[in-house]
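Quick notes on the structure that follows.
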Amino acid sequence: MATQSNNPLKGILKKPIPPAADPKVREVAVQHANIIQQRKELEDTITDYIIELSKLPLDRSSPYTSSSPSPTDAATFKSHVRLFQPSDYEDLISERNANGLCGYTLCPKPRMRVAQRGEYKLINYGRKDFSIVPKKEIERWCGAACARRAMWIKVQLNDTSAWERAGIDSIEIGLYEEPKKTEEDEAARRLTRDMAGLQVEAERKAAKDAQELALERGDTDEGAKRKVDVRIQENSVKGVAEEPSLGKDDDGHLVTEGYKTKFDSQKNTASKNTTGI
Amino acid sequence: MADQDEAQYEANERNIVRTWRAWRTVHEMVHDRGYELGEEEVKIPLEEFRHKYTNADGSLSRTLLKFSAKPSDEMQRKFMPPATPQNTEPVSDCGTVWVEFLDDSALGAEQMRKFGRFCADNHYKSGILLSNVAVSSSAKKEISKFSQWTTIEWFLEDDLLINITHHELVPRHVILSRDEKVALLKRYRLKETQLPRILVRDPVAKYFGMKRGQVVKIIRRSETAGRYASYRLCV
Ligand SMILES: [Zn+2]
């Protein structure tokens with residue numbers, strides 16, 4: 001007992017590493033903490049956007065409809081929805097439904113209510129496009145047109161996290177274009193616009209591909225100044241080129257790189273027999 | 001016309017009775033968790049409820065349906081974290097609770113955020129929100145954002161029309177304090193993962209506002225042994 005009081009007990013475990021004395025370690029920790037903080041803030045922003053977008057359109061009495069929304073609302077919608085993942089967009093739809101609105105953000109109408117009980121509903125009965133749809137699905141929209149418009153947006157959304165996309169300006173969400181009465185003039189105009197769009201798209205893609213390729217090859221500005229000096233030297237040719245031949249021997253066609261495989265079938269089987277017995 | 005009036009009157013009456021039952025159950029729940037509530041507050045008769053919480057035209061005034069309750073000394077002691085060298089004067093895990101009936105036709109992220117802000121700003125350690133509409137998924141995400149300031153719980157009024165713990169087939173549940181849990185594990189030489197489990201969304205666990213890691217003692221009547229206690233870990 002007396003010895004115990006004299007010698008304090010020693011732990012057999014390793015001494016814990018003293019907390020980051022190295023300023024570099026601290027720097028890294030702070031950097032990571034900042035990243036996490038940024039992500040959290042971005043998540044908050046997305047919820048803010050969901051709340052804001054769940055109230056659109058702001059002016060319900062105006063002549064604007066879901067097919068021709070007011071430009072300000074459309075701009076707000078497009079700029080906010082950019083950051084959404086498909087799941088956030090689903091949340092937005094359910095949020096709007098909870099408020100009794102049609103799920104499509106730019107639609108001023110209330111969502112449809114199916115009076116009948118039952119899980120499913122028959123639509124377009126007796127027609128070619130007849131189908132059985134869950135009641136819940138129908139009640140999310142004011143009509144099939146809005147469902148299509150909303151899904152048009154959804155398929156453009158990306159599954160990568162918002163913080164990976166926040167800085168990329170080139171992500172643009174387009175609204176569903178209403179199929180107008182086919183006037184030739186209109187069609188032609190759209191065609192030229194589409195072509196222009198395609199060209200821009202192609203150029204952008206080419207530029208991006210070139211950039212990625214350069215990165216992969218290490219052809220950055222710094223990479224261009226190579227450390228190793230590469231000099232290519234031609235090998236001087238002596239004599240005349242000669243076409244390949246099979247050689248003088250008859251067995252030339254059996255020779256592989258100058259070596260002819262020897263194969264004695266008789267001997268092989270005999271030896272097999274002796275070992276077999 | 002008279003029929004319509006009658007139907008409307010009946011619907012309103014039904015609504016008042018339902019809300020009254022939920023109001024009573026939530027009071028019992030808060031009381032059973034260990035908060036201080038007077039007997040007359042818990043067992044409010046229907047007539048008094050009607051008198052207090054309806055407008056002149058007889059309709060229910062949901063804006064009035066809110067109250068707060070302080071934890072009893074016993075409850076505070078029970079949820080006191082142990083004193084450590086870093087934290088010599090620990091503060092109890094439980095604080096004043098705020099209960100509110102949602103006065104809105106929808107429970108989305110906006111309403112949930114408003115409720116969470118209110119609870120956090122007024123230093124309520126926990127908030128209980130009752131609604132008769134389901135909560136949206138983004139509203140559920142809001143709950144966790146307030147977790148460092150306040151614990152938000154959400155109940156559907158329909159689920160509180162009767163007090164499930166009063167049913168004869170529901171045995172008595174007692175939440176163990178931290179010390180009691182440690183003593184239990186020591187006595188039976190258990191790791192906490194070796195205990196049977198109860199889900200955090202179990203109706204009784206929700207009733208008592210259990211958190212992950214807490215242990216509940218379930219006391220059943222037994223034909224042979226008189227009383228029989230079992231323990232479950234909340235996961
Ligand atoms: Zn619509």
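In the structure tokens, the first chain shown is A, the next is B, and so on; residue numbers restart at 1 for each chain, and ligands run from 1 in the order shown.
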Residues contacting ligand 1 - anything with an atom at most 7 Å away, using only C-alpha atoms and all ligand atoms - can you give me those as a PyMOL selection string? chain A and resi 66+102-104+107-109+111+141-143+146
Selection: 10 Å around Met75 of chain B, only C-alpha atoms, excl. self and same-chain fewer than 2 positions, as a PDB file with N, CA and C atoms, in the first residue's frame:
ATOM      1  N   ARG B  33     -44.670  13.395 -18.301  1.00  0.00           N
ATOM      2  CA  ARG B  33     -43.232  13.529 -18.543  1.00  0.00           C
ATOM      3  C   ARG B  33     -42.537  14.172 -17.358  1.00  0.00           C
ATOM      4  N   GLY B  34     -43.308  14.745 -16.443  1.00  0.00           N
ATOM      5  CA  GLY B  34     -42.704  15.306 -15.232  1.00  0.00           C
ATOM      6  C   GLY B  34     -42.765  16.814 -15.149  1.00  0.00           C
ATOM      7  N   TYR B  35     -43.506  17.446 -16.050  1.00  0.00           N
ATOM      8  CA  TYR B  35     -43.633  18.902 -15.956  1.00  0.00           C
ATOM      9  C   TYR B  35     -44.701  19.247 -14.935  1.00  0.00           C
ATOM     10  N   GLU B  36     -44.625  20.456 -14.429  1.00  0.00           N
ATOM     11  CA  GLU B  36     -45.567  20.890 -13.404  1.00  0.00           C
ATOM     12  C   GLU B  36     -46.843  21.403 -14.055  1.00  0.00           C
ATOM     13  N   LYS B  70     -43.292  24.227 -16.767  1.00  0.00           N
ATOM     14  CA  LYS B  70     -41.927  24.130 -16.240  1.00  0.00           C
ATOM     15  C   LYS B  70     -41.669  22.718 -15.748  1.00  0.00           C
ATOM     16  N   PRO B  71     -40.436  22.258 -15.847  1.00  0.00           N
ATOM     17  CA  PRO B  71     -40.140  20.927 -15.317  1.00  0.00           C
ATOM     18  C   PRO B  71     -40.157  20.953 -13.785  1.00  0.00           C
ATOM     19  N   SER B  72     -40.622  19.868 -13.202  1.00  0.00           N
ATOM     20  CA  SER B  72     -40.606  19.769 -11.743  1.00  0.00           C
ATOM     21  C   SER B  72     -39.169  19.561 -11.276  1.00  0.00           C
ATOM     22  N   ASP B  73     -38.945  19.815  -9.971  1.00  0.00           N
ATOM     23  CA  ASP B  73     -37.594  19.635  -9.424  1.00  0.00           C
ATOM     24  C   ASP B  73     -37.115  18.208  -9.629  1.00  0.00           C
ATOM     25  N   ARG B  77     -33.794  16.998 -11.625  1.00  0.00           N
ATOM     26  CA  ARG B  77     -32.747  16.194 -11.010  1.00  0.00           C
ATOM     27  C   ARG B  77     -32.476  14.946 -11.866  1.00  0.00           C
ATOM     28  N   LYS B  78     -33.555  14.383 -12.372  1.00  0.00           N
ATOM     29  CA  LYS B  78     -33.446  13.133 -13.121  1.00  0.00           C
ATOM     30  C   LYS B  78     -32.622  13.298 -14.401  1.00  0.00           C
ATOM     31  N   PHE B  79     -32.781  14.422 -15.042  1.00  0.00           N
ATOM     32  CA  PHE B  79     -32.073  14.606 -16.315  1.00  0.00           C
ATOM     33  C   PHE B  79     -30.863  15.512 -16.188  1.00  0.00           C
ATOM     34  N   MET B  80     -30.297  15.525 -14.967  1.00  0.00           N
ATOM     35  CA  MET B  80     -29.093  16.318 -14.737  1.00  0.00           C
ATOM     36  C   MET B  80     -27.887  15.539 -15.227  1.00  0.00           C
ATOM     37  N   SER B  92     -29.491  21.065 -16.223  1.00  0.00           N
ATOM     38  CA  SER B  92     -30.363  19.934 -16.554  1.00  0.00           C
ATOM     39  C   SER B  92     -30.706  19.929 -18.043  1.00  0.00           C
ATOM     40  N   ASP B  93     -30.874  18.717 -18.587  1.00  0.00           N
ATOM     41  CA  ASP B  93     -31.205  18.583 -20.004  1.00  0.00           C
ATOM     42  C   ASP B  93     -32.607  19.083 -20.319  1.00  0.00           C
ATOM     43  N   CYS B  94     -33.452  19.098 -19.308  1.00  0.00           N
ATOM     44  CA  CYS B  94     -34.830  19.492 -19.596  1.00  0.00           C
ATOM     45  C   CYS B  94     -35.064  20.929 -19.176  1.00  0.00           C
ATOM     46  N   GLY B  95     -35.917  21.589 -19.893  1.00  0.00           N
ATOM     47  CA  GLY B  95     -36.263  22.967 -19.580  1.00  0.00           C
ATOM     48  C   GLY B  95     -37.741  23.166 -19.821  1.00  0.00           C
ATOM     49  N   SER B 177     -33.215   7.456 -15.432  1.00  0.00           N
ATOM     50  CA  SER B 177     -32.271   8.568 -15.490  1.00  0.00           C
ATOM     51  C   SER B 177     -30.903   8.013 -15.871  1.00  0.00           C
TER      52      SER B 177
END
Would you tabulate, counting only C-alpha atoms, all residues of chain B that have an atom at most 12 Å from an atom of chain A, showing the closest pair of atoms and their distance in Å to one decimal, sorted by chain then ascending number, as a tab-separated table?
residue	atom	partner	partner_atom	distance
B:Asp104	CA	A:Asn99	CA	9.7
B:Ser105	CA	A:Asn99	CA	7.5
B:Ala106	CA	A:Ala98	CA	5.4
B:Leu107	CA	A:Ala98	CA	7.0
B:Gly108	CA	A:Glu95	CA	5.9
B:Ala109	CA	A:Ile51	CA	6.7
B:Glu110	CA	A:Ile51	CA	6.1
B:Gln111	CA	A:Ile51	CA	9.7
B:Met112	CA	A:Ile51	CA	11.0
B:Arg113	CA	A:Thr47	CA	9.9
B:Lys114	CA	A:Ile51	CA	11.8
B:Val133	CA	A:Ala98	CA	8.6
B:Ala134	CA	A:Ala98	CA	8.4
B:Val135	CA	A:Ala98	CA	8.3
B:Ser136	CA	A:Glu95	CA	6.1
B:Ser137	CA	A:Asp91	CA	6.1
B:Ser138	CA	A:Asp91	CA	5.8
B:Ala139	CA	A:Glu95	CA	8.5
B:Lys140	CA	A:Asp91	CA	10.5
B:Lys141	CA	A:Thr47	CA	8.9
B:Glu142	CA	A:Thr47	CA	8.3
B:Ser144	CA	A:Asp44	CA	11.7
B:Lys145	CA	A:Asp44	CA	8.8
B:Phe146	CA	A:Asp44	CA	11.7
Could you write out the selected residues, including N, CA, C and O atoms, as an mmCIF file, in the first residue's frame?
data_model
loop_
_atom_site.group_PDB
_atom_site.id
_atom_site.type_symbol
_atom_site.label_atom_id
_atom_site.label_comp_id
_atom_site.auth_asym_id
_atom_site.auth_seq_id
_atom_site.Cartn_x
_atom_site.Cartn_y
_atom_site.Cartn_z
ATOM 1 N N ASP B 104 -53.181 26.875 -38.715
ATOM 2 C CA ASP B 104 -52.911 27.043 -40.132
ATOM 3 C C ASP B 104 -53.422 25.801 -40.845
ATOM 4 O O ASP B 104 -53.514 24.740 -40.251
ATOM 5 N N SER B 105 -53.729 25.959 -42.116
ATOM 6 C CA SER B 105 -54.295 24.814 -42.825
ATOM 7 C C SER B 105 -53.208 23.901 -43.378
ATOM 8 O O SER B 105 -53.501 22.827 -43.887
ATOM 9 N N ALA B 106 -51.956 24.317 -43.293
ATOM 10 C CA ALA B 106 -50.868 23.487 -43.810
ATOM 11 C C ALA B 106 -49.692 23.555 -42.856
ATOM 12 O O ALA B 106 -49.500 24.545 -42.158
ATOM 13 N N LEU B 107 -48.933 22.458 -42.824
ATOM 14 C CA LEU B 107 -47.735 22.442 -41.983
ATOM 15 C C LEU B 107 -46.534 22.206 -42.883
ATOM 16 O O LEU B 107 -46.116 21.084 -43.127
ATOM 17 N N GLY B 108 -46.008 23.300 -43.403
ATOM 18 C CA GLY B 108 -44.848 23.219 -44.285
ATOM 19 C C GLY B 108 -43.611 23.724 -43.588
ATOM 20 O O GLY B 108 -43.621 23.989 -42.386
ATOM 21 N N ALA B 109 -42.552 23.871 -44.386
ATOM 22 C CA ALA B 109 -41.271 24.313 -43.818
ATOM 23 C C ALA B 109 -41.412 25.687 -43.162
ATOM 24 O O ALA B 109 -40.788 25.956 -42.140
ATOM 25 N N GLU B 110 -42.249 26.525 -43.761
ATOM 26 C CA GLU B 110 -42.373 27.887 -43.241
ATOM 27 C C GLU B 110 -42.957 27.896 -41.832
ATOM 28 O O GLU B 110 -42.430 28.548 -40.921
ATOM 29 N N GLN B 111 -44.050 27.142 -41.661
ATOM 30 C CA GLN B 111 -44.699 27.099 -40.347
ATOM 31 C C GLN B 111 -43.787 26.463 -39.315
ATOM 32 O O GLN B 111 -43.698 26.912 -38.168
ATOM 33 N N MET B 112 -43.077 25.403 -39.751
ATOM 34 C CA MET B 112 -42.185 24.718 -38.821
ATOM 35 C C MET B 112 -41.033 25.637 -38.413
ATOM 36 O O MET B 112 -40.630 25.675 -37.255
ATOM 37 N N ARG B 113 -40.546 26.399 -39.366
ATOM 38 C CA ARG B 113 -39.446 27.308 -39.073
ATOM 39 C C ARG B 113 -39.901 28.391 -38.098
ATOM 40 O O ARG B 113 -39.181 28.745 -37.172
ATOM 41 N N LYS B 114 -41.105 28.878 -38.313
ATOM 42 C CA LYS B 114 -41.664 29.901 -37.430
ATOM 43 C C LYS B 114 -41.768 29.354 -36.001
ATOM 44 O O LYS B 114 -41.375 30.019 -35.034
ATOM 45 N N VAL B 133 -53.117 18.410 -39.857
ATOM 46 C CA VAL B 133 -52.650 18.070 -41.207
ATOM 47 C C VAL B 133 -51.249 17.476 -41.101
ATOM 48 O O VAL B 133 -50.523 17.782 -40.162
ATOM 49 N N ALA B 134 -50.917 16.645 -42.070
ATOM 50 C CA ALA B 134 -49.608 15.990 -42.042
ATOM 51 C C ALA B 134 -48.506 16.998 -42.305
ATOM 52 O O ALA B 134 -48.729 18.044 -42.919
ATOM 53 N N VAL B 135 -47.314 16.667 -41.840
ATOM 54 C CA VAL B 135 -46.177 17.567 -41.997
ATOM 55 C C VAL B 135 -45.502 17.264 -43.340
ATOM 56 O O VAL B 135 -45.445 16.117 -43.780
ATOM 57 N N SER B 136 -45.031 18.294 -44.017
ATOM 58 C CA SER B 136 -44.349 18.073 -45.303
ATOM 59 C C SER B 136 -42.901 17.658 -45.041
ATOM 60 O O SER B 136 -42.361 17.887 -43.967
ATOM 61 N N SER B 137 -42.288 17.060 -46.069
ATOM 62 C CA SER B 137 -40.955 16.492 -45.853
ATOM 63 C C SER B 137 -39.914 17.573 -45.584
ATOM 64 O O SER B 137 -38.985 17.373 -44.806
ATOM 65 N N SER B 138 -40.069 18.740 -46.216
ATOM 66 C CA SER B 138 -39.078 19.787 -45.951
ATOM 67 C C SER B 138 -39.265 20.364 -44.547
ATOM 68 O O SER B 138 -38.306 20.857 -43.950
ATOM 69 N N ALA B 139 -40.494 20.284 -44.026
ATOM 70 C CA ALA B 139 -40.719 20.735 -42.648
ATOM 71 C C ALA B 139 -40.012 19.811 -41.672
ATOM 72 O O ALA B 139 -39.470 20.249 -40.660
ATOM 73 N N LYS B 140 -39.997 18.523 -41.993
ATOM 74 C CA LYS B 140 -39.304 17.573 -41.124
ATOM 75 C C LYS B 140 -37.813 17.876 -41.080
ATOM 76 O O LYS B 140 -37.171 17.735 -40.041
ATOM 77 N N LYS B 141 -37.281 18.291 -42.213
ATOM 78 C CA LYS B 141 -35.850 18.611 -42.252
ATOM 79 C C LYS B 141 -35.544 19.825 -41.377
ATOM 80 O O LYS B 141 -34.450 19.956 -40.848
ATOM 81 N N GLU B 142 -36.525 20.727 -41.270
ATOM 82 C CA GLU B 142 -36.321 21.916 -40.453
ATOM 83 C C GLU B 142 -36.093 21.546 -38.989
ATOM 84 O O GLU B 142 -35.330 22.202 -38.290
ATOM 85 N N SER B 144 -34.492 19.242 -37.490
ATOM 86 C CA SER B 144 -33.126 18.943 -37.054
ATOM 87 C C SER B 144 -32.260 20.196 -37.017
ATOM 88 O O SER B 144 -31.264 20.245 -36.307
ATOM 89 N N LYS B 145 -32.645 21.223 -37.767
ATOM 90 C CA LYS B 145 -31.814 22.429 -37.797
ATOM 91 C C LYS B 145 -31.871 23.194 -36.489
ATOM 92 O O LYS B 145 -30.990 23.997 -36.193
ATOM 93 N N PHE B 146 -32.931 22.973 -35.712
ATOM 94 C CA PHE B 146 -33.049 23.675 -34.446
ATOM 95 C C PHE B 146 -32.537 22.844 -33.286
ATOM 96 O O PHE B 146 -32.635 23.253 -32.143
#
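The gap separating atom CA of Tyr120 of chain A from atom CA of Lys136 of chain A is 8.1 Å, in Å to one decimal.
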All residues 8 Å or closer to Val200 of chain B, only C-alpha atoms, same chain fewer than 5 positions away omitted, as JSON, numbers by chain: {"B": [205, 206, 210, 211, 212, 234, 235]}
Keeping N, CA and C atoms for every residue in the selection just given, could you write it to a file as an mmCIF file, in the first residue's frame?
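Written out: selection-v4.cif:
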data_model
loop_
_atom_site.group_PDB
_atom_site.id
_atom_site.type_symbol
_atom_site.label_atom_id
_atom_site.label_comp_id
_atom_site.auth_asym_id
_atom_site.auth_seq_id
_atom_site.Cartn_x
_atom_site.Cartn_y
_atom_site.Cartn_z
ATOM 1 N N ALA B 205 -42.897 5.648 -26.871
ATOM 2 C CA ALA B 205 -41.647 6.408 -26.794
ATOM 3 C C ALA B 205 -41.885 7.855 -27.206
ATOM 4 N N LYS B 206 -42.739 8.040 -28.212
ATOM 5 C CA LYS B 206 -43.065 9.402 -28.635
ATOM 6 C C LYS B 206 -43.836 10.137 -27.540
ATOM 7 N N MET B 210 -38.987 10.255 -25.709
ATOM 8 C CA MET B 210 -37.703 9.591 -25.472
ATOM 9 C C MET B 210 -36.693 9.968 -26.546
ATOM 10 N N LYS B 211 -35.437 10.003 -26.119
ATOM 11 C CA LYS B 211 -34.362 10.263 -27.061
ATOM 12 C C LYS B 211 -33.516 9.007 -27.224
ATOM 13 N N ARG B 212 -32.758 8.961 -28.300
ATOM 14 C CA ARG B 212 -31.900 7.799 -28.535
ATOM 15 C C ARG B 212 -30.939 7.623 -27.375
ATOM 16 N N CYS B 234 -33.782 2.833 -26.191
ATOM 17 C CA CYS B 234 -34.389 3.581 -27.289
ATOM 18 C C CYS B 234 -33.382 3.742 -28.428
ATOM 19 N N VAL B 235 -33.774 3.328 -29.624
ATOM 20 C CA VAL B 235 -32.873 3.465 -30.781
ATOM 21 C C VAL B 235 -33.549 4.260 -31.890
#
Residue contacts of segment 161-164 of chain B (10 Å, only C-alpha atoms) excluding same-chain residues fewer than 2 positions away, as a list of chain:residue names: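 So the residues in contact are B:Val17, B:Arg18, B:Thr19, B:Trp20, B:Arg21, B:Ala22, B:Trp23, B:Arg24, B:Thr25, B:Val26, B:Glu28, B:Met29, B:Leu156, B:Glu157, B:Asp158, B:Asp159, B:His166, B:His167, B:Glu168, B:Leu169, B:Val170, B:Pro203, B:Val204, B:Tyr207.
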Need to verify the contact set: Val216 of chain B, 9 Å, only C-alpha atoms, exclusion of same-chain residues closer than 3 positions in sequence. Can you return it as number ranges by chain? B: 173-176, 181, 198, 205, 210, 230-234
Restricting the output to C-alpha atoms, write the selected residues as a tab-separated table (two decimals), in the first residue's frame.
chain	number	residue	atom	x	y	z
B	173	HIS	CA	-43.32	2.75	-18.80
B	174	VAL	CA	-40.77	4.56	-16.67
B	175	ILE	CA	-37.83	6.39	-18.23
B	176	LEU	CA	-34.57	5.74	-16.40
B	181	LYS	CA	-29.16	3.39	-16.54
B	198	ILE	CA	-37.67	0.26	-28.53
B	205	ALA	CA	-41.65	6.41	-26.79
B	210	MET	CA	-37.70	9.59	-25.47
B	230	SER	CA	-38.08	-5.42	-18.50
B	231	TYR	CA	-35.85	-2.77	-19.97
B	232	ARG	CA	-35.57	-1.41	-23.44
B	233	LEU	CA	-33.04	0.87	-25.06
B	234	CYS	CA	-34.39	3.58	-27.29
Spatial neighbours of Lys66 of chain B, max dist 9 Å, only C-alpha atoms, sep filter under 5 positions, as a short mmCIF file (atom, residue, chain, number, x, y, z; two decimals) with all heavy atoms, in the first residue's frame:
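Once everything was written out, this is out.cif:
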data_model
loop_
_atom_site.label_atom_id
_atom_site.label_comp_id
_atom_site.auth_asym_id
_atom_site.auth_seq_id
_atom_site.Cartn_x
_atom_site.Cartn_y
_atom_site.Cartn_z
N TRP B 98 -42.93 24.19 -24.52
CA TRP B 98 -43.97 25.02 -25.15
C TRP B 98 -44.84 24.13 -26.02
O TRP B 98 -44.33 23.35 -26.82
CB TRP B 98 -43.33 26.11 -26.00
CG TRP B 98 -44.32 26.96 -26.73
CD1 TRP B 98 -44.61 26.93 -28.06
CD2 TRP B 98 -45.15 27.97 -26.17
NE1 TRP B 98 -45.56 27.84 -28.36
CE2 TRP B 98 -45.92 28.51 -27.20
CE3 TRP B 98 -45.33 28.48 -24.87
CZ2 TRP B 98 -46.86 29.51 -27.00
CZ3 TRP B 98 -46.26 29.49 -24.68
CH2 TRP B 98 -47.00 29.99 -25.73
N VAL B 99 -46.14 24.22 -25.82
CA VAL B 99 -47.08 23.40 -26.58
C VAL B 99 -48.01 24.33 -27.35
O VAL B 99 -48.50 25.31 -26.79
CB VAL B 99 -47.91 22.48 -25.65
CG1 VAL B 99 -48.81 21.59 -26.47
CG2 VAL B 99 -47.01 21.67 -24.77
N GLU B 100 -48.18 24.01 -28.61
CA GLU B 100 -49.01 24.88 -29.43
C GLU B 100 -49.82 24.05 -30.43
O GLU B 100 -49.33 23.08 -30.98
CB GLU B 100 -48.10 25.87 -30.18
CG GLU B 100 -48.86 26.91 -30.95
CD GLU B 100 -47.94 27.99 -31.52
OE1 GLU B 100 -46.89 28.26 -30.92
OE2 GLU B 100 -48.28 28.53 -32.58
N PHE B 101 -51.07 24.47 -30.64
CA PHE B 101 -51.88 23.86 -31.69
C PHE B 101 -51.73 24.73 -32.93
O PHE B 101 -51.94 25.94 -32.85
CB PHE B 101 -53.35 23.80 -31.26
CG PHE B 101 -53.66 22.66 -30.32
CD1 PHE B 101 -53.00 22.55 -29.11
CD2 PHE B 101 -54.61 21.71 -30.65
CE1 PHE B 101 -53.27 21.51 -28.24
CE2 PHE B 101 -54.88 20.66 -29.79
CZ PHE B 101 -54.22 20.56 -28.59
#
DSSP strand (DSSP E) residues within chain B, listed as an MDAnalysis selection string: chainID B and resid 66:69 97:101 126:131 151:156 172:175 197:198 215:222 226:234
Just the residues within 8 Å of Pro90 of chain B, please, counting only C-alpha atoms, with nothing from its chain fewer than 3 positions along; format it as a PyMOL selection string. chain B and resi 80-83+87
Write the selection just made, keeping C-alpha atoms, as an mmCIF file, in the first residue's frame?
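Listing of result13.cif after writing:
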data_model
loop_
_atom_site.group_PDB
_atom_site.id
_atom_site.type_symbol
_atom_site.label_atom_id
_atom_site.label_comp_id
_atom_site.auth_asym_id
_atom_site.auth_seq_id
_atom_site.Cartn_x
_atom_site.Cartn_y
_atom_site.Cartn_z
ATOM 1 C CA MET B 80 -29.093 16.318 -14.737
ATOM 2 C CA PRO B 81 -25.889 15.381 -16.543
ATOM 3 C CA PRO B 82 -23.083 14.314 -14.173
ATOM 4 C CA ALA B 83 -20.622 16.968 -13.061
ATOM 5 C CA ASN B 87 -18.410 21.265 -16.392
#
Just checking: using only C-alpha atoms, which residue out of B:Ser61, B:Ser222, B:Ile152, B:Gln214 ends up closest to Pro171 of chain B?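 Using only C-alpha atoms, the shortest distance to Pro171 of chain B belongs to B:Ser222.
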